[in-house]
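Structure data (TSV, C-alpha atoms) from entry.tsv:
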chain	number	residue	atom	x	y	z
A	60	MET	CA	-12.50	-11.71	11.47
A	61	GLN	CA	-13.00	-15.39	12.23
A	62	ARG	CA	-9.31	-15.86	13.13
A	63	PHE	CA	-9.81	-13.81	16.30
A	64	ASN	CA	-12.76	-15.72	17.75
A	65	ASP	CA	-10.53	-18.10	19.69
A	66	ILE	CA	-7.94	-15.58	20.85
A	67	GLU	CA	-7.21	-15.77	24.58
A	68	ALA	CA	-4.07	-13.60	24.75
A	69	TRP	CA	-3.36	-10.25	23.10
A	70	VAL	CA	0.30	-9.26	22.76
A	71	PHE	CA	1.30	-5.74	21.75
A	72	ASP	CA	4.57	-4.16	20.79
A	73	LEU	CA	5.03	-0.77	22.45
A	74	ASP	CA	6.77	1.96	20.44
A	75	ASN	CA	5.08	3.00	17.19
A	76	THR	CA	2.35	0.42	17.86
A	77	LEU	CA	0.40	1.63	20.90
A	78	TYR	CA	0.93	5.16	19.60
A	79	PRO	CA	1.33	6.31	15.96
A	80	ALA	CA	4.83	6.68	14.55
A	81	SER	CA	3.83	10.19	13.44
A	82	GLN	CA	3.85	11.32	17.08
A	83	ASN	CA	7.64	11.06	16.78
A	84	LEU	CA	8.59	9.78	20.22
A	85	PHE	CA	10.85	7.16	18.68
A	86	ALA	CA	12.57	9.92	16.72
A	87	GLU	CA	13.75	11.26	20.08
A	88	ILE	CA	14.98	7.79	21.07
A	89	ASP	CA	16.80	7.64	17.74
A	90	VAL	CA	18.63	10.92	18.40
A	91	ARG	CA	19.65	9.79	21.88
A	92	MET	CA	20.99	6.48	20.55
A	93	THR	CA	23.20	8.30	18.07
A	94	ALA	CA	24.48	10.65	20.78
A	95	PHE	CA	25.27	7.75	23.11
A	96	ILE	CA	27.19	5.84	20.43
A	97	GLN	CA	29.10	8.95	19.37
A	98	ASP	CA	30.32	9.41	22.93
A	99	ALA	CA	30.89	5.74	23.78
A	100	LEU	CA	32.81	4.86	20.61
A	101	LYS	CA	34.44	8.27	20.12
A	102	VAL	CA	33.27	8.58	16.53
A	103	THR	CA	31.64	11.28	14.44
A	104	LYS	CA	27.89	11.80	14.50
A	105	ASP	CA	27.58	10.40	10.97
A	106	GLU	CA	29.54	7.27	11.85
A	107	ALA	CA	27.54	6.82	15.05
A	108	PHE	CA	24.33	6.99	13.03
A	109	ARG	CA	25.66	4.45	10.51
A	110	VAL	CA	26.69	2.04	13.29
A	111	GLN	CA	23.32	2.50	14.99
A	112	LYS	CA	21.32	1.54	11.89
A	113	GLU	CA	23.63	-1.28	10.84
A	114	PHE	CA	23.36	-2.85	14.29
A	115	LEU	CA	19.58	-2.40	14.28
A	116	GLY	CA	19.34	-4.32	11.04
A	117	GLU	CA	21.91	-7.01	11.85
A	118	TYR	CA	21.13	-7.70	15.50
A	119	GLY	CA	17.51	-6.62	15.97
A	120	THR	CA	18.40	-3.70	18.21
A	121	THR	CA	21.25	-1.22	18.29
A	122	LEU	CA	21.92	-2.30	21.88
A	123	SER	CA	22.38	-5.94	20.91
A	124	GLY	CA	24.99	-4.94	18.35
A	125	LEU	CA	26.83	-2.75	20.84
A	126	MET	CA	26.86	-5.60	23.35
A	127	ASN	CA	28.00	-8.24	20.86
A	128	VAL	CA	30.58	-6.19	18.96
A	129	HIS	CA	31.84	-3.76	21.59
A	130	GLY	CA	31.06	-5.51	24.89
A	131	LEU	CA	28.87	-2.61	26.01
A	132	GLU	CA	27.04	-2.87	29.35
A	133	PRO	CA	23.31	-2.44	28.64
A	134	GLY	CA	22.23	-0.47	31.71
A	135	PRO	CA	23.74	2.95	30.91
A	136	PHE	CA	22.56	2.75	27.30
A	137	LEU	CA	18.98	1.87	28.24
A	138	ASP	CA	18.83	4.56	30.93
A	139	PHE	CA	20.11	7.22	28.54
A	140	VAL	CA	17.97	6.46	25.50
A	141	HIS	CA	14.76	6.12	27.52
A	142	ASP	CA	15.23	9.38	29.45
A	143	LEU	CA	12.44	10.96	27.42
A	144	ASP	CA	9.68	13.49	27.65
A	145	VAL	CA	6.66	11.33	26.81
A	146	SER	CA	4.26	14.28	27.07
A	147	ILE	CA	4.41	14.59	23.27
A	148	LEU	CA	2.18	11.49	23.14
A	149	ALA	CA	-1.53	12.18	22.99
A	150	PRO	CA	-3.73	10.24	25.45
A	151	ASN	CA	-5.94	7.79	23.57
A	152	PRO	CA	-9.28	7.08	25.27
A	153	SER	CA	-10.52	5.13	22.24
A	154	LEU	CA	-7.58	2.74	22.44
A	155	GLN	CA	-8.02	2.43	26.19
A	156	GLN	CA	-11.64	1.40	25.74
A	157	ALA	CA	-10.83	-1.00	22.90
A	158	ILE	CA	-8.08	-2.80	24.80
A	159	GLU	CA	-10.14	-2.93	27.97
A	160	ALA	CA	-13.00	-4.58	26.05
A	161	LEU	CA	-10.83	-7.40	24.69
A	162	PRO	CA	-11.58	-10.81	26.25
A	163	GLY	CA	-8.66	-12.64	27.80
A	164	ARG	CA	-5.23	-11.49	28.90
A	165	LYS	CA	-3.20	-8.60	27.48
A	166	TYR	CA	0.57	-8.21	27.38
A	167	ILE	CA	3.33	-5.95	26.08
A	168	PHE	CA	6.32	-7.48	24.26
A	169	THR	CA	8.94	-4.79	23.69
A	170	ASN	CA	12.61	-4.36	22.90
A	171	GLY	CA	12.48	-1.41	25.30
A	172	THR	CA	12.31	-1.51	29.10
A	173	LYS	CA	9.48	-1.96	31.58
A	174	GLY	CA	10.11	1.52	32.92
A	175	HIS	CA	9.73	3.02	29.47
A	176	ALA	CA	6.59	0.95	28.85
A	177	GLY	CA	5.11	2.16	32.12
A	178	ARG	CA	5.71	5.82	31.31
A	179	VAL	CA	4.29	5.46	27.80
A	180	CYS	CA	1.19	3.63	29.03
A	181	GLU	CA	0.60	6.21	31.73
A	182	GLN	CA	0.74	9.03	29.19
A	183	LEU	CA	-1.57	7.20	26.78
A	184	GLY	CA	-4.07	6.38	29.52
A	185	LEU	CA	-3.42	2.62	29.32
A	186	THR	CA	-2.11	2.02	32.84
A	187	GLY	CA	-3.52	-1.11	34.45
A	188	LEU	CA	-4.76	-2.68	31.20
A	189	PHE	CA	-1.88	-5.12	30.70
A	190	ASP	CA	-1.25	-8.23	32.74
A	191	ASP	CA	2.53	-8.07	32.29
A	192	VAL	CA	5.40	-6.71	30.20
A	193	PHE	CA	8.13	-8.81	28.57
A	194	ASP	CA	10.94	-6.35	27.99
A	195	ILE	CA	14.53	-6.51	26.79
A	196	VAL	CA	15.75	-7.30	30.31
A	197	SER	CA	13.22	-10.16	30.62
A	198	ALA	CA	14.61	-11.41	27.29
A	199	ASN	CA	18.18	-11.37	28.66
A	200	TYR	CA	18.87	-8.75	25.99
A	201	VAL	CA	17.93	-11.05	23.10
A	202	PRO	CA	15.66	-8.82	20.98
A	203	LYS	CA	12.88	-9.33	18.48
A	204	PRO	CA	13.06	-10.60	15.76
A	205	HIS	CA	15.40	-13.32	17.10
A	206	PRO	CA	13.22	-16.45	16.84
A	207	ASP	CA	14.51	-17.97	20.08
A	208	ILE	CA	12.96	-15.27	22.27
A	209	TYR	CA	9.34	-15.72	21.16
A	210	PRO	CA	8.91	-19.15	22.82
A	211	VAL	CA	10.49	-17.70	25.98
A	212	MET	CA	7.91	-14.92	25.99
A	213	LEU	CA	5.07	-17.40	25.44
A	214	ALA	CA	6.33	-19.62	28.25
A	215	ARG	CA	6.73	-16.66	30.62
A	216	PHE	CA	3.10	-15.69	30.07
A	217	ALA	CA	1.91	-19.33	29.83
A	218	ILE	CA	-0.02	-18.64	26.63
A	219	ASP	CA	-0.78	-20.80	23.60
A	220	PRO	CA	0.54	-19.29	20.33
A	221	GLN	CA	-2.45	-20.74	18.47
A	222	LYS	CA	-4.71	-18.62	20.69
A	223	THR	CA	-2.57	-15.47	20.67
A	224	ALA	CA	-2.73	-12.31	18.55
A	225	PHE	CA	0.41	-10.22	18.11
A	226	PHE	CA	0.43	-6.56	17.05
A	227	GLU	CA	3.65	-4.95	15.72
A	228	ASP	CA	4.78	-1.99	13.64
A	229	MET	CA	7.81	-3.79	12.17
A	230	ALA	CA	6.93	-6.50	9.67
A	231	ARG	CA	10.05	-8.56	10.26
A	232	ASN	CA	9.19	-8.89	13.95
A	233	LEU	CA	5.97	-10.67	12.98
A	234	THR	CA	7.69	-13.49	11.08
A	235	PRO	CA	8.66	-15.65	14.10
A	236	ALA	CA	5.24	-15.06	15.67
A	237	HIS	CA	3.46	-16.21	12.52
A	238	LYS	CA	5.63	-19.34	12.27
A	239	LEU	CA	4.60	-20.25	15.82
A	240	GLY	CA	0.92	-19.93	14.89
A	241	MET	CA	0.03	-16.52	16.27
A	242	ALA	CA	-2.44	-14.27	14.46
A	243	THR	CA	-0.33	-11.34	13.27
A	244	VAL	CA	-1.32	-7.73	12.74
A	245	LEU	CA	0.97	-5.10	11.23
A	246	VAL	CA	0.19	-1.68	12.70
A	247	HIS	CA	1.36	1.11	10.43
A	248	GLU	CA	0.20	4.46	9.18
A	249	GLU	CA	-0.66	4.75	5.51
A	250	GLY	CA	2.36	5.55	3.38
A	251	GLN	CA	4.81	4.77	6.16
A	252	ASP	CA	7.20	1.87	6.61
A	253	ALA	CA	8.62	1.35	10.09
A	254	ALA	CA	12.01	0.11	8.92
A	255	GLN	CA	12.35	2.93	6.42
A	256	ASN	CA	11.27	5.50	9.00
A	257	MET	CA	14.09	4.34	11.25
A	258	ASN	CA	16.51	4.47	8.29
A	259	MET	CA	17.24	0.77	8.47
A	260	PRO	CA	19.49	-0.36	5.60
A	261	GLU	CA	17.48	-1.75	2.71
A	262	LYS	CA	19.01	-5.23	2.97
A	263	TYR	CA	17.41	-5.71	6.39
A	264	ARG	CA	13.87	-4.68	5.45
A	265	THR	CA	11.07	-7.20	5.02
A	266	HIS	CA	9.16	-7.21	1.74
A	267	ASP	CA	7.31	-10.54	1.98
A	268	ASP	CA	3.85	-10.12	3.51
A	269	ALA	CA	3.11	-13.86	3.81
A	270	HIS	CA	3.58	-13.70	7.60
A	271	ILE	CA	1.13	-10.80	8.04
A	272	ASP	CA	-2.49	-11.82	8.59
A	273	HIS	CA	-3.89	-8.28	8.86
A	274	LYS	CA	-2.77	-4.68	8.47
A	275	THR	CA	-4.22	-1.60	10.11
A	276	ALA	CA	-3.45	2.10	10.29
A	277	ASP	CA	-5.89	2.49	13.22
A	278	LEU	CA	-5.24	0.11	16.12
A	279	ALA	CA	-8.17	1.33	18.21
A	280	GLY	CA	-10.56	1.02	15.29
A	281	PHE	CA	-9.26	-2.44	14.41
A	282	LEU	CA	-9.72	-3.72	17.96
A	283	ASP	CA	-13.12	-2.10	18.24
A	284	ALA	CA	-14.22	-3.82	15.02
A	285	LEU	CA	-13.47	-7.20	16.59
A	286	GLY	CA	-16.53	-6.59	18.75
A	287	GLY	CA	-15.04	-8.10	21.86
A	288	GLY	CA	-13.75	-11.22	20.10
Just dump the structure as structure tokens.
Amino acid sequence: MQRFNDIEAWVFDLDNTLYPASQNLFAEIDVRMTAFIQDALKVTKDEAFRVQKEFLGEYGTTLSGLMNVHGLEPGPFLDFVHDLDVSILAPNPSLQQAIEALPGRKYIFTNGTKGHAGRVCEQLGLTGLFDDVFDIVSANYVPKPHPDIYPVMLARFAIDPQKTAFFEDMARNLTPAHKLGMATVLVHEEGQDAAQNMNMPEKYRTHDDAHIDHKTADLAGFLDALGGG
């Protein structure tokens, strides 16, 4: 894996990347989003679900759509959807060791919140491994895959995209990273598609793999295979 020899910064998405999608934590987030929209917009559950997925596809996150279309304040939404029991996540000593062994700095780049990232990392046994978290609040609520937010993240961490590796479960979120010169890794379980799992409308799914340098179903194994660089 020659491309990784010069990597100085390792950037990871959080949900469905640092833990497998099959552990179903995001499914709980999904249910809470629908419930919040149903109450906030006074619509049926089915309509709330449709709005949720349409906004996810169109705006990058459901929250961004709610803010842009309905003028929703982000705080109550974020607090509600991230009020989760993360104990369903299995601690991952292998991933902890693999991330710890990586040379250089390590970061989280998430459309979630720092609080949510902290709880997830604590449950997984990854607390203290990351230098910083760039969350949706840090991004002023501009989510991945909006191309304008990637340079902001890079500047915040003072890292060179040509010496950065980015790990994500959603292929479309890798496109702006690849265009900036980052090494990109799609993290997904065999037979699963992140966009499809979240019921994103077909028109918003990514089918071109040109922006994906590597794919893995086993993040810990992939990192371990790099042999420390």
Using CA of Leu137 in chain A and CA of Leu100 in chain A as the two end points, give the distance in Å to one decimal.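 Spanning CA of Leu137 in chain A to CA of Leu100 in chain A is a straight-line distance of 16.1 Å.
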Using only C-alpha atoms, which protein or nucleic acid residues come within 12 Å of His273 in chain A? Drop anything in the same chain fewer than 2 positions from it, and give the result as a list of chain:residue names.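 Here the answer would be A:Met60, A:Arg62, A:Phe63, A:Ala224, A:Phe225, A:Phe226, A:Glu227, A:Asp228, A:Ala230, A:Leu233, A:His237, A:Met241, A:Ala242, A:Thr243, A:Val244, A:Leu245, A:Val246, A:His247, A:Asp268, A:Ala269, A:His270, A:Ile271, A:Thr275, A:Ala276, A:Asp277, A:Leu278, A:Phe281, A:Leu282.
What separates CA of Leu77 in chain A from CA of Leu125 in chain A is a distance of 26.8 Å.
Of note, CA of Gly280 in chain A and CA of Thr186 in chain A are spaced 19.5 Å apart.
You can rank A:Val140, A:Val128, A:Val110, A:Ala279 by their closest distance to Ala157 in chain A using all atoms listed in the file, and at the top of that list sits A:Ala279.
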Expected answer as number ranges by chain: all residues with atoms within 10 Å of (-12.9, 0.8, 20.2), only C-alpha atoms: A: 152-161, 278-287
So which residues touch Gln182 in chain A within 8 Å, counting all atoms listed in the file, skipping near sequence neighbours fewer than 6 positions away, as a list in words? Val145, Ser146, Leu148, Ala149 and Pro150 of chain A
Using C-alpha atoms, can you write the selected residues to a file as a PDB file, keeping the file's coordinate frame?
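The resulting file, result-v2.pdb, is reproduced below:
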ATOM      1  CA  VAL A 145       6.660  11.330  26.810  1.00  0.00           C
ATOM      2  CA  SER A 146       4.260  14.280  27.070  1.00  0.00           C
ATOM      3  CA  LEU A 148       2.180  11.490  23.140  1.00  0.00           C
ATOM      4  CA  ALA A 149      -1.530  12.180  22.990  1.00  0.00           C
ATOM      5  CA  PRO A 150      -3.730  10.240  25.450  1.00  0.00           C
TER       6      PRO A 150
END
When distances are computed from all atoms listed in the file, which of A:His141, A:His129, A:Lys203, A:Lys274 shows the smallest separation from Lys173 in chain A? A:His141
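With only C-alpha atoms as the atoms that count, the minimum distance from Gly177 in chain A to the choices A:Ala68, A:Val196, A:Leu213, A:Leu73 is reached by A:Leu73.
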Between A:Tyr200, A:Tyr166, A:Phe85, A:Tyr78, smallest distance to Gly134 in chain A by all atoms listed in the file belongs to A:Tyr200
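Excluding range 119-122 of chain A itself and same-chain residues fewer than 2 positions from it, the residues having an atom within 6 Å of it are Gln111, Phe114, Leu115, Gly116, Gly124, Leu125, Pro202, Lys203 and Pro204 of chain A, counting only C-alpha atoms.
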Any chance you could model N, CA and C atoms for range 104-117 of chain A and send them as a PDB file, keeping the file's coordinate frame?
ATOM      1  N   LYS A 104      29.336  11.986  14.457  1.00  0.00           N
ATOM      2  CA  LYS A 104      27.890  11.800  14.500  1.00  0.00           C
ATOM      3  C   LYS A 104      27.419  10.932  13.333  1.00  0.00           C
ATOM      4  N   ASP A 105      27.973  11.178  12.145  1.00  0.00           N
ATOM      5  CA  ASP A 105      27.580  10.400  10.970  1.00  0.00           C
ATOM      6  C   ASP A 105      27.943   8.923  11.130  1.00  0.00           C
ATOM      7  N   GLU A 106      29.128   8.653  11.654  1.00  0.00           N
ATOM      8  CA  GLU A 106      29.540   7.270  11.850  1.00  0.00           C
ATOM      9  C   GLU A 106      28.705   6.604  12.946  1.00  0.00           C
ATOM     10  N   ALA A 107      28.383   7.354  13.980  1.00  0.00           N
ATOM     11  CA  ALA A 107      27.540   6.820  15.050  1.00  0.00           C
ATOM     12  C   ALA A 107      26.166   6.432  14.508  1.00  0.00           C
ATOM     13  N   PHE A 108      25.629   7.277  13.636  1.00  0.00           N
ATOM     14  CA  PHE A 108      24.330   6.990  13.030  1.00  0.00           C
ATOM     15  C   PHE A 108      24.408   5.746  12.146  1.00  0.00           C
ATOM     16  N   ARG A 109      25.485   5.622  11.375  1.00  0.00           N
ATOM     17  CA  ARG A 109      25.660   4.450  10.510  1.00  0.00           C
ATOM     18  C   ARG A 109      25.746   3.172  11.349  1.00  0.00           C
ATOM     19  N   VAL A 110      26.545   3.205  12.403  1.00  0.00           N
ATOM     20  CA  VAL A 110      26.690   2.040  13.290  1.00  0.00           C
ATOM     21  C   VAL A 110      25.340   1.688  13.918  1.00  0.00           C
ATOM     22  N   GLN A 111      24.629   2.709  14.351  1.00  0.00           N
ATOM     23  CA  GLN A 111      23.320   2.500  14.990  1.00  0.00           C
ATOM     24  C   GLN A 111      22.380   1.731  14.070  1.00  0.00           C
ATOM     25  N   LYS A 112      22.275   2.158  12.822  1.00  0.00           N
ATOM     26  CA  LYS A 112      21.320   1.540  11.890  1.00  0.00           C
ATOM     27  C   LYS A 112      21.805   0.176  11.409  1.00  0.00           C
ATOM     28  N   GLU A 113      23.104   0.024  11.244  1.00  0.00           N
ATOM     29  CA  GLU A 113      23.630  -1.280  10.840  1.00  0.00           C
ATOM     30  C   GLU A 113      23.388  -2.320  11.932  1.00  0.00           C
ATOM     31  N   PHE A 114      23.589  -1.933  13.175  1.00  0.00           N
ATOM     32  CA  PHE A 114      23.360  -2.850  14.290  1.00  0.00           C
ATOM     33  C   PHE A 114      21.870  -3.161  14.440  1.00  0.00           C
ATOM     34  N   LEU A 115      21.024  -2.164  14.224  1.00  0.00           N
ATOM     35  CA  LEU A 115      19.580  -2.400  14.280  1.00  0.00           C
ATOM     36  C   LEU A 115      19.183  -3.473  13.280  1.00  0.00           C
ATOM     37  N   GLY A 116      19.684  -3.353  12.066  1.00  0.00           N
ATOM     38  CA  GLY A 116      19.340  -4.320  11.040  1.00  0.00           C
ATOM     39  C   GLY A 116      19.930  -5.691  11.307  1.00  0.00           C
ATOM     40  N   GLU A 117      21.200  -5.744  11.694  1.00  0.00           N
ATOM     41  CA  GLU A 117      21.910  -7.010  11.850  1.00  0.00           C
ATOM     42  C   GLU A 117      21.516  -7.764  13.100  1.00  0.00           C
TER      43      GLU A 117
END
